Amino acid sequence: MDTPGEANPVSLRGATDSPRLVPFRGDNEDMTDALPHLDETVVATARFLGALSDLGDEHVRAPSLLPGWTRGHVVTHLARNADALTNVLHGAEAGEPGAMYESQDQRDAEIEAGAGRSAAALRADAVAACGRWVQAANEIHRSHLDAPAWRLPGGETWPAYRVGAMRWTEVEVHHADLGLDYAARDWPPAFVAHLMKRRRRELTEDSVPLRWRATDTGEEWSSGDGPEVTGTASDLAWWLLGRGSGEGLACSEGQLPEIGRWR
């Protein structure tokens, strides 16, 4: 096994300053960009942590855009998700792959337990957890990226290299779920394209026939011969994740179909 480079020099300023995460570029070419979507995730994470800087206790206790969750729930979930994916990367690097969470109950209980903390505590936790993930992402060697991992013990396995795309998606989507100044319309085009491919795959696997076309980019996607939904790319992406009520969209059959929430 090749030896990874030195510990990643992640720069995370204190909990009261604007955070800055710096992707590591080591001398070993085998380590550079080993994890797909690392750079995009670092940028998205810095943007998310920066948004937390302006939140007070009253803000984090207010409802998010996710039914039943406050913003404190969303921030806590993103912190625990970072730790879960960090554990996956550490396990893959050590040759001991495993699950993100011990159980769904454990995952849910940790989110609930942390949701009511102060804004300062939530942000400090988020900064620390995001920093741990970035370091683990920089340290894993490309030769370990095919190691199997699971969301829950005994569940479907997937290769560790998917962690980059998974974390990128979590950060971008849940940042928008906070209901602040960052929304689906602000997502980078590359991320919207990533979401479209992901949802096409998932809807195809779930046998949900649907066609959708972005009126602003002209791009088209299909998960089967079903009704066609049209709208801007960002509006389509938001709806395809089970968010909102389909504002700005039109359907060839009149009423938008039920497709379920993003999993």
# chains A, B, ... in the order shown; residues from 1 in each chain; ligands from 1
>>> select_by_dssp(residues="region 21-222 of chain A", states="alpha helix (DSSP H)", output="ChimeraX atom specification")
/A:38-52,57-60,71-94,104-114,119-139,163-177,189-205
>>> residues_around(residues="Leu78 (chain A)", least_positions_apart="5", cutoff="8 Å", atoms="only C-alpha atoms", output="PyMOL selection string")
chain A and resi 126+170-171+174
>>> closest_residue(among="A:Ala233, A:Ala120, A:Ala165, A:Leu195", to="Asp54 (chain A)", atoms="only C-alpha atoms")
A:Ala120
>>> residues_around(residues="region 243-249 of chain A", least_positions_apart="6", cutoff="7 Å", atoms="only C-alpha atoms", output="list in words")
Val229, Thr230, Gly231 and Asp235 of chain A
>>> write_last_selection(atoms="C-alpha atoms", output="PDB file, in the first residue's frame")
ATOM      1  CA  VAL A 229     -42.766  18.038 -17.006  1.00  0.00           C
ATOM      2  CA  THR A 230     -41.224  21.336 -18.118  1.00  0.00           C
ATOM      3  CA  GLY A 231     -39.684  24.287 -16.319  1.00  0.00           C
ATOM      4  CA  ASP A 235     -37.201  24.400 -10.555  1.00  0.00           C
TER       5      ASP A 235
END
>>> residues_around(residues="Asp146 (chain A)", least_positions_apart="6", cutoff="10 Å", atoms="only C-alpha atoms", output="ChimeraX atom specification")
/A:92,158-162
>>> select_by_dssp(residues="region 21-262 of chain A", states="strand (DSSP E or B)", output="short mmCIF file (atom, residue, chain, number, x, y, z; two decimals) with C-alpha atoms, in the first residue's frame")
data_model
loop_
_atom_site.label_atom_id
_atom_site.label_comp_id
_atom_site.auth_asym_id
_atom_site.auth_seq_id
_atom_site.Cartn_x
_atom_site.Cartn_y
_atom_site.Cartn_z
CA PRO A 63 -38.74 25.88 10.87
CA THR A 70 -36.08 23.19 12.40
CA ALA A 99 -21.73 1.32 7.61
CA PRO A 148 -17.56 -1.39 -0.19
CA ALA A 149 -19.62 0.67 2.23
CA TRP A 150 -23.18 0.68 3.53
CA THR A 157 -23.35 -1.78 -0.70
CA TRP A 158 -21.73 0.94 -2.75
CA PRO A 159 -18.08 1.89 -3.47
CA ARG A 211 -39.85 12.84 -18.95
CA TRP A 212 -38.63 16.30 -18.03
CA ARG A 213 -37.27 19.18 -20.08
CA ALA A 214 -35.49 22.34 -18.92
CA GLU A 220 -34.10 16.65 -21.67
CA TRP A 221 -34.10 13.58 -19.42
CA SER A 222 -36.26 10.48 -19.19
CA GLU A 228 -43.53 15.37 -19.60
CA VAL A 229 -42.77 18.04 -17.01
CA THR A 230 -41.22 21.34 -18.12
CA GLY A 231 -39.68 24.29 -16.32
CA ALA A 250 -46.04 22.53 -16.24
CA CYS A 251 -47.08 18.94 -16.95
#
>>> closest_residue(among="A:Thr169, A:Ser118, A:Thr215, A:Thr232", to="Arg71 (chain A)", atoms="only C-alpha atoms")
A:Ser118
